[in-house]
file start05.txt (compact mmCIF, C-alpha atoms)
# COMPACT_ATOMS: atom_id res chain seq x y z
CA MET A 1 -24.17 -10.11 0.52
CA ASP A 2 -24.58 -6.64 -0.85
CA ASP A 3 -21.42 -5.30 0.73
CA HIS A 4 -19.36 -7.71 -1.34
CA ALA A 5 -18.54 -4.95 -3.74
CA HIS A 6 -17.34 -6.68 -6.88
CA ASP A 7 -18.43 -3.66 -8.84
CA ALA A 8 -16.29 -1.11 -7.04
CA PRO A 9 -14.60 0.95 -9.73
CA PRO A 10 -11.08 -0.35 -10.25
CA ASN A 11 -8.29 2.14 -10.73
CA PRO A 12 -8.46 2.93 -14.46
CA TYR A 13 -4.75 3.73 -14.72
CA LEU A 14 -3.21 0.33 -14.12
CA THR A 15 -2.57 -0.58 -17.72
CA ALA A 16 -0.10 1.19 -19.98
CA ARG A 17 -1.78 3.35 -22.61
CA ARG A 18 1.09 4.66 -24.66
CA SER A 19 2.99 3.31 -27.63
CA PRO A 20 6.80 3.23 -27.57
CA GLU A 21 6.93 6.40 -29.71
CA GLU A 22 4.53 8.25 -27.45
CA THR A 23 6.48 7.06 -24.44
CA ARG A 24 9.69 8.37 -25.96
CA ALA A 25 8.13 11.78 -26.55
CA LEU A 26 6.89 11.95 -22.97
CA ALA A 27 10.28 10.83 -21.67
CA GLU A 28 11.93 13.66 -23.61
CA ARG A 29 9.43 16.17 -22.27
CA VAL A 30 10.20 15.12 -18.69
CA ALA A 31 13.95 14.99 -19.30
CA LYS A 32 13.84 18.58 -20.58
CA LEU A 33 11.87 19.67 -17.57
CA GLU A 34 14.27 17.90 -15.24
CA LYS A 35 17.28 19.49 -16.94
CA LEU A 36 15.76 22.95 -16.73
CA LEU A 37 15.01 22.55 -13.03
CA THR A 38 18.43 21.01 -12.40
CA ASP A 39 20.15 23.92 -14.16
CA LYS A 40 18.23 26.30 -11.91
CA GLY A 41 19.53 24.35 -8.93
CA LEU A 42 16.03 23.39 -7.83
CA VAL A 43 16.47 19.62 -8.04
CA ASP A 44 19.28 17.13 -8.40
CA LYS A 45 19.37 13.60 -9.67
CA ALA A 46 20.32 12.00 -6.35
CA THR A 47 17.35 13.55 -4.56
CA LEU A 48 14.93 12.54 -7.31
CA ASP A 49 16.23 8.97 -7.26
CA HIS A 50 15.91 8.92 -3.51
CA VAL A 51 12.32 10.16 -3.57
CA VAL A 52 11.34 7.39 -5.97
CA GLU A 53 13.12 4.84 -3.81
CA VAL A 54 11.38 6.03 -0.65
CA TYR A 55 7.89 6.04 -2.13
CA GLU A 56 8.28 2.72 -3.92
CA HIS A 57 9.32 1.06 -0.67
CA ASP A 58 7.07 2.93 1.71
CA ILE A 59 5.15 0.28 3.61
CA GLY A 60 2.10 2.47 3.88
CA PRO A 61 -0.73 2.04 6.32
CA MET A 62 -0.36 -0.69 8.91
CA ASN A 63 -3.92 -0.14 10.05
CA GLY A 64 -4.32 -3.83 10.70
CA ALA A 65 -2.22 -3.52 13.85
CA ARG A 66 -4.82 -1.23 15.38
CA VAL A 67 -7.61 -3.56 14.30
CA VAL A 68 -5.88 -6.47 16.01
CA ALA A 69 -5.17 -4.50 19.19
CA ARG A 70 -8.82 -3.46 19.40
CA ALA A 71 -9.87 -7.09 18.95
CA TRP A 72 -7.56 -8.09 21.80
CA VAL A 73 -9.04 -5.61 24.27
CA ASP A 74 -12.68 -5.54 23.14
CA ASP A 75 -14.50 -8.87 22.91
CA GLU A 76 -17.52 -7.34 21.23
CA TYR A 77 -15.34 -5.78 18.58
CA ARG A 78 -13.58 -9.10 18.05
CA GLY A 79 -16.97 -10.70 17.53
CA ARG A 80 -17.91 -8.13 14.92
CA LEU A 81 -14.52 -8.48 13.26
CA LEU A 82 -14.88 -12.23 12.94
CA ALA A 83 -18.46 -11.89 11.69
CA ASN A 84 -17.81 -9.16 9.14
CA ALA A 85 -14.23 -7.95 8.93
CA THR A 86 -14.88 -5.49 6.11
CA ALA A 87 -17.43 -3.62 8.23
CA ALA A 88 -15.44 -3.89 11.46
CA ILE A 89 -12.31 -2.50 9.81
CA ALA A 90 -14.31 0.34 8.29
CA GLU A 91 -15.71 1.00 11.75
CA LEU A 92 -12.23 2.16 12.84
CA GLY A 93 -12.16 4.58 9.95
CA PHE A 94 -9.91 2.58 7.65
CA SER A 95 -11.00 2.52 4.07
CA GLY A 96 -9.34 2.34 0.72
CA LEU A 97 -10.14 -1.26 0.03
CA GLN A 98 -10.97 -1.46 -3.65
CA GLY A 99 -13.85 -3.84 -3.51
CA GLU A 100 -12.00 -6.55 -1.66
CA HIS A 101 -13.92 -8.41 0.98
CA MET A 102 -11.90 -8.84 4.18
CA ILE A 103 -12.03 -11.92 6.35
CA ALA A 104 -10.41 -12.03 9.79
CA LEU A 105 -8.86 -15.31 10.92
CA GLU A 106 -8.23 -15.80 14.60
CA ASN A 107 -5.18 -17.72 15.74
CA THR A 108 -5.76 -19.78 18.86
CA ARG A 109 -3.93 -22.45 20.84
CA ASP A 110 -5.45 -25.04 18.50
CA VAL A 111 -5.47 -23.35 15.12
CA HIS A 112 -2.83 -21.35 13.30
CA ASN A 113 -3.80 -19.45 10.15
CA VAL A 114 -1.43 -18.34 7.43
CA VAL A 115 -2.19 -16.39 4.26
CA VAL A 116 -0.84 -16.66 0.75
CA CYS A 117 -1.83 -15.64 -2.74
CA THR A 118 -0.87 -18.57 -4.92
CA LEU A 119 -2.09 -16.91 -8.11
CA CYS A 120 -0.31 -13.55 -7.97
CA SER A 121 0.28 -11.29 -5.02
CA CYS A 122 -3.14 -10.20 -3.83
CA TYR A 123 -2.72 -8.36 -0.58
CA PRO A 124 -4.90 -6.00 1.46
CA TRP A 125 -2.60 -3.02 1.27
CA PRO A 126 -4.89 -0.50 3.00
CA VAL A 127 -4.95 -2.81 6.02
CA LEU A 128 -1.55 -4.45 6.03
CA GLY A 129 0.70 -2.06 4.17
CA LEU A 130 3.00 -3.14 1.37
CA PRO A 131 3.60 -6.88 1.18
CA PRO A 132 7.04 -8.19 2.15
CA THR A 133 9.19 -9.27 -0.79
CA TRP A 134 9.05 -12.95 0.08
CA TYR A 135 5.23 -12.87 -0.01
CA LYS A 136 5.44 -12.50 -3.77
CA SER A 137 8.15 -15.09 -4.30
CA PRO A 138 7.20 -18.22 -6.26
CA ALA A 139 8.85 -20.31 -3.53
CA TYR A 140 6.58 -19.01 -0.77
CA ARG A 141 3.48 -19.10 -2.93
CA SER A 142 3.91 -22.72 -3.91
CA ARG A 143 5.57 -24.20 -0.84
CA ILE A 144 3.41 -22.73 1.92
CA VAL A 145 0.50 -24.74 0.54
CA ILE A 146 2.42 -28.02 0.28
CA ASP A 147 4.47 -27.80 3.46
CA PRO A 148 3.17 -25.00 5.69
CA ARG A 149 4.94 -26.23 8.82
CA GLY A 150 8.27 -26.53 7.04
CA VAL A 151 8.02 -23.06 5.49
CA LEU A 152 6.89 -21.50 8.77
CA ALA A 153 9.80 -23.14 10.57
CA GLU A 154 12.19 -21.72 7.97
CA LEU A 155 10.67 -18.30 8.61
CA GLY A 156 11.37 -18.77 12.31
CA LEU A 157 7.98 -19.93 13.53
CA ASP A 158 8.04 -23.37 15.14
CA LEU A 159 4.55 -24.63 15.83
CA PRO A 160 3.67 -27.44 18.20
CA ASP A 161 2.69 -30.68 16.49
CA ASP A 162 -0.83 -30.65 17.84
CA ILE A 163 -1.80 -27.28 16.38
CA GLU A 164 -3.82 -27.32 13.19
CA VAL A 165 -2.36 -25.18 10.40
CA ARG A 166 -4.80 -23.64 7.94
CA VAL A 167 -3.55 -22.01 4.74
CA TRP A 168 -5.80 -19.38 3.13
CA ASP A 169 -5.45 -18.40 -0.50
CA SER A 170 -6.23 -14.75 -1.27
CA SER A 171 -8.02 -13.69 -4.40
CA ALA A 172 -8.97 -10.49 -6.12
CA GLU A 173 -12.21 -10.45 -4.13
CA ILE A 174 -11.27 -11.97 -0.79
CA ARG A 175 -8.34 -10.96 1.40
CA TYR A 176 -7.40 -12.07 4.85
CA LEU A 177 -6.21 -10.56 8.09
CA VAL A 178 -4.76 -12.92 10.68
CA ILE A 179 -5.45 -12.00 14.28
CA PRO A 180 -2.39 -13.33 16.09
CA GLU A 181 -2.69 -14.56 19.65
CA ARG A 182 -2.28 -11.85 22.24
CA PRO A 183 1.20 -12.24 23.73
CA THR A 184 1.42 -13.51 27.28
CA GLY A 185 2.45 -10.88 29.78
CA SER A 186 0.76 -8.08 27.82
CA GLY A 187 -2.11 -7.60 30.26
CA HIS A 188 -0.89 -4.24 31.51
CA LEU A 189 -0.44 -2.67 28.09
CA SER A 190 -2.66 -0.01 26.58
CA GLU A 191 -4.33 -0.52 23.23
CA SER A 192 -1.76 1.57 21.39
CA GLU A 193 1.09 -0.24 23.15
CA LEU A 194 -0.50 -3.51 22.07
CA ALA A 195 -0.77 -2.30 18.47
CA ALA A 196 3.00 -1.80 18.46
CA LEU A 197 3.43 -5.54 19.09
CA VAL A 198 1.42 -6.47 16.02
CA THR A 199 3.89 -6.94 13.20
CA ARG A 200 3.09 -7.24 9.55
CA ASP A 201 4.36 -10.84 9.55
CA SER A 202 2.07 -11.73 12.44
CA MET A 203 -0.94 -10.50 10.44
CA ILE A 204 0.08 -12.71 7.51
CA GLY A 205 0.49 -15.60 9.90
CA VAL A 206 4.19 -16.32 9.52
CA ALA A 207 5.12 -15.00 12.96
CA ARG A 208 3.67 -14.46 16.40
CA ALA A 209 2.95 -10.99 17.69
CA ALA A 210 6.04 -9.53 19.33
CA ALA A 211 6.57 -10.17 23.01
CA PRO A 212 6.16 -7.14 25.26
CA GLY A 213 9.46 -5.58 26.21
CA PRO A 214 10.72 -5.76 29.75
CA GLY A 215 8.79 -3.00 31.41
CA ARG A 216 7.08 -2.40 34.67
CA MET B 217 21.37 14.55 2.25
CA SER B 218 17.92 13.26 1.65
CA GLU B 219 14.99 15.52 2.06
CA ALA B 220 12.48 12.72 2.14
CA PRO B 221 13.51 10.12 4.67
CA GLN B 222 9.92 8.98 4.77
CA ALA B 223 7.01 9.04 2.41
CA ASP B 224 4.51 11.79 3.15
CA PRO B 225 1.14 10.14 3.83
CA GLY B 226 -0.48 13.25 2.38
CA ILE B 227 1.00 12.18 -0.94
CA ALA B 228 1.33 8.42 -0.64
CA LEU B 229 -2.21 7.96 0.67
CA MET B 230 -4.15 10.52 -1.34
CA PRO B 231 -7.70 9.20 -1.59
CA GLY B 232 -10.21 9.59 -4.37
CA LEU B 233 -9.60 10.29 -8.03
CA GLU B 234 -6.07 11.44 -7.45
CA ALA B 235 -4.97 8.31 -5.55
CA LEU B 236 -1.62 7.06 -6.82
CA PRO B 237 -2.16 4.01 -9.04
CA ARG B 238 -1.27 0.92 -7.03
CA ARG B 239 -1.52 -2.80 -7.50
CA SER B 240 -1.74 -4.64 -4.18
CA GLY B 241 -0.13 -1.60 -2.63
CA GLU B 242 2.79 -1.24 -4.99
CA LEU B 243 3.07 1.93 -7.02
CA VAL B 244 2.43 1.32 -10.69
CA PHE B 245 4.74 3.13 -13.11
CA HIS B 246 4.55 2.17 -16.77
CA ALA B 247 7.75 3.91 -17.80
CA ASP B 248 10.68 5.56 -16.14
CA TRP B 249 9.54 9.05 -17.14
CA GLU B 250 6.55 8.53 -14.83
CA ARG B 251 8.93 7.94 -11.92
CA ARG B 252 10.85 11.11 -12.83
CA ALA B 253 7.68 13.19 -13.08
CA PHE B 254 6.51 11.79 -9.76
CA ALA B 255 9.80 12.63 -8.06
CA LEU B 256 9.95 16.13 -9.58
CA ALA B 257 6.58 17.16 -8.18
CA VAL B 258 7.26 15.64 -4.76
CA THR B 259 10.73 17.17 -4.49
CA LEU B 260 9.73 20.65 -5.63
CA SER B 261 6.83 20.68 -3.21
CA GLU B 262 9.09 19.50 -0.38
CA ARG B 263 11.49 22.31 -1.21
CA GLY B 264 8.67 24.79 -0.86
CA LEU B 265 8.39 25.90 -4.50
CA PHE B 266 4.69 25.23 -4.34
CA SER B 267 2.34 23.70 -1.83
CA TRP B 268 1.21 20.13 -2.32
CA ASP B 269 -2.42 21.20 -2.20
CA GLU B 270 -1.89 23.61 -5.05
CA PHE B 271 -0.46 20.87 -7.25
CA ARG B 272 -3.03 18.39 -6.09
CA GLU B 273 -5.95 20.64 -6.97
CA ARG B 274 -4.70 20.92 -10.53
CA LEU B 275 -4.14 17.17 -10.70
CA VAL B 276 -7.67 16.47 -9.47
CA ALA B 277 -9.15 18.96 -11.92
CA ARG B 278 -7.40 17.30 -14.85
CA ILE B 279 -8.34 13.79 -13.82
CA ALA B 280 -11.94 14.83 -13.18
CA ALA B 281 -12.12 16.45 -16.60
CA ALA B 282 -10.93 13.23 -18.22
CA ASP B 283 -13.17 10.22 -18.39
CA THR B 284 -11.93 7.97 -15.62
CA THR B 285 -14.82 5.58 -15.67
CA ALA B 286 -13.32 3.42 -18.37
CA ASP B 287 -9.87 2.36 -19.32
CA ILE B 288 -9.93 3.95 -22.75
CA PRO B 289 -7.05 3.13 -25.07
CA GLY B 290 -5.29 6.29 -26.10
CA ALA B 291 -6.66 8.41 -23.26
CA PRO B 292 -4.05 10.12 -21.10
CA GLY B 293 -2.61 8.02 -18.32
CA TYR B 294 -2.41 9.11 -14.70
CA TYR B 295 1.11 10.52 -14.94
CA GLU B 296 0.25 12.50 -18.07
CA HIS B 297 -2.30 14.34 -15.96
CA TRP B 298 0.37 14.58 -13.29
CA LEU B 299 2.93 16.04 -15.70
CA ALA B 300 0.48 18.55 -17.10
CA ALA B 301 -0.51 19.64 -13.58
CA LEU B 302 3.17 20.01 -12.68
CA GLU B 303 3.94 22.12 -15.77
CA GLN B 304 0.91 24.28 -15.11
CA THR B 305 1.95 24.82 -11.51
CA LEU B 306 5.51 25.71 -12.49
CA GLU B 307 4.29 28.14 -15.16
CA ARG B 308 2.11 29.82 -12.60
CA LYS B 309 5.16 30.20 -10.36
CA ARG B 310 7.15 31.52 -13.33
CA LEU B 311 9.62 28.69 -13.01
CA LEU B 312 9.23 27.60 -16.62

call {"tool": "encode", "arguments": {"input": "start05.txt", "output": "structure tokens"}}
result
Amino acid sequence: MDDHAHDAPPNPYLTARRSPEETRALAERVAKLEKLLTDKGLVDKATLDHVVEVYEHDIGPMNGARVVARAWVDDEYRGRLLANATAAIAELGFSGLQGEHMIALENTRDVHNVVVCTLCSCYPWPVLGLPPTWYKSPAYRSRIVIDPRGVLAELGLDLPDDIEVRVWDSSAEIRYLVIPERPTGSGHLSESELAALVTRDSMIGVARAAAPGPGR
Amino acid sequence: MSEAPQADPGIALMPGLEALPRRSGELVFHADWERRAFALAVTLSERGLFSWDEFRERLVARIAAADTTADIPGAPGYYEHWLAALEQTLERKRLL
């Protein structure tokens, strides 16, 4: 498949390029700049720390929720999503995938899908936002494969015995989006109201989509 | 009081050459000075000392002028371009 873009240019800035001495010189340059701006009353340490904190923990785009909601209301879209998730996600205007090929996995009454990256922490950020901390933990990465039902139960998801659990291992090239089952009693909701029920955990497969609130 | 209760998507999700380096979504900083330089530009722009677009244009110009097609040892890293763009912007505003 040509759209399996292994050759998409990776971000060239992911590896450190500076020696300890060069790093020290740059650190001094920034410290001087910070002091100058602090002395002028333009910045303060607490605000700078806070900005870093906010951006490092910003979940980012949760575009997957809109993809799932569209799949719930539009059977043809769901078909396209299951056939070629990369194209169907792009269809909604979401891009930013860096060469990863997306696959959508549909949860049904008979099959429950859950996603892991056993090797590192591969995760489709442009679609799902920042991964939860536990997703990267060695415990989740090793145990979900060995005992998916047990781990899911610990995470609060009790599955009936007769449902088949499938565990999918992400890689640098292939990343997964779980389409959770549409919650019962959500028939009256609009597409955007439905999207609000689609949690990050439900798109990883460790939770169901949220139940609609008491309305109507 | 915080001035940035939430990340600005106009910064966090910049596309193209100037996209913040991320690994599976997480920001990649190689040293603490990169975090400080990041926060300085964001904070000063939020406080209205310059517009984000003004800073961003300088950042893009510097990255475009560098060879980004290969990960060349010794070539400036992303936040060196960032720092230079910030200094240039502050000089222009006579804040340095």

call {"tool": "atom_distance", "arguments": {"input": "start05.txt", "atom1": "CA of Gln222 in chain B", "atom2": "CA of Arg278 in chain B"}}
result
27.5 Å

call {"tool": "interface_residues", "arguments": {"input": "start05.txt", "of": "chain A", "to": "chain B", "cutoff": "6 Å", "atoms": "all atoms listed in the file", "output": "compact mmCIF listing (two decimals) with C-alpha atoms, in the frame of the given file"}}
result
# COMPACT_ATOMS: atom_id res chain seq x y z
CA PRO A 12 -8.46 2.93 -14.46
CA TYR A 13 -4.75 3.73 -14.72
CA ALA A 16 -0.10 1.19 -19.98
CA ARG A 17 -1.78 3.35 -22.61
CA ALA A 27 10.28 10.83 -21.67
CA LEU A 48 14.93 12.54 -7.31
CA VAL A 51 12.32 10.16 -3.57
CA VAL A 52 11.34 7.39 -5.97
CA TYR A 55 7.89 6.04 -2.13
CA CYS A 122 -3.14 -10.20 -3.83
CA TYR A 123 -2.72 -8.36 -0.58
CA TRP A 125 -2.60 -3.02 1.27
CA LEU A 130 3.00 -3.14 1.37

call {"tool": "closest_residue", "arguments": {"input": "start05.txt", "among": "A:Gly93, A:Arg80, A:His112, A:Asp201", "to": "Thr133 in chain A", "atoms": "only C-alpha atoms"}}
result
A:Asp201

call {"tool": "axis_aligned_box", "arguments": {"input": "start05.txt", "around": "range 142-147 of chain A", "padding_each_side": "3 Å", "output": "JSON"}}
result
{"center_x": 3.0, "center_y": -25.4, "center_z": -0.2, "size_x": 11.1, "size_y": 11.3, "size_z": 13.4}

call {"tool": "residues_near_point", "arguments": {"input": "start05.txt", "point": "(12.5, 17.3, -15.0)", "cutoff": "9 Å", "atoms": "all atoms listed in the file", "output": "PyMOL selection string"}}
result
(chain A and resi 29-38+43) or (chain B and resi 252-253+255-256)
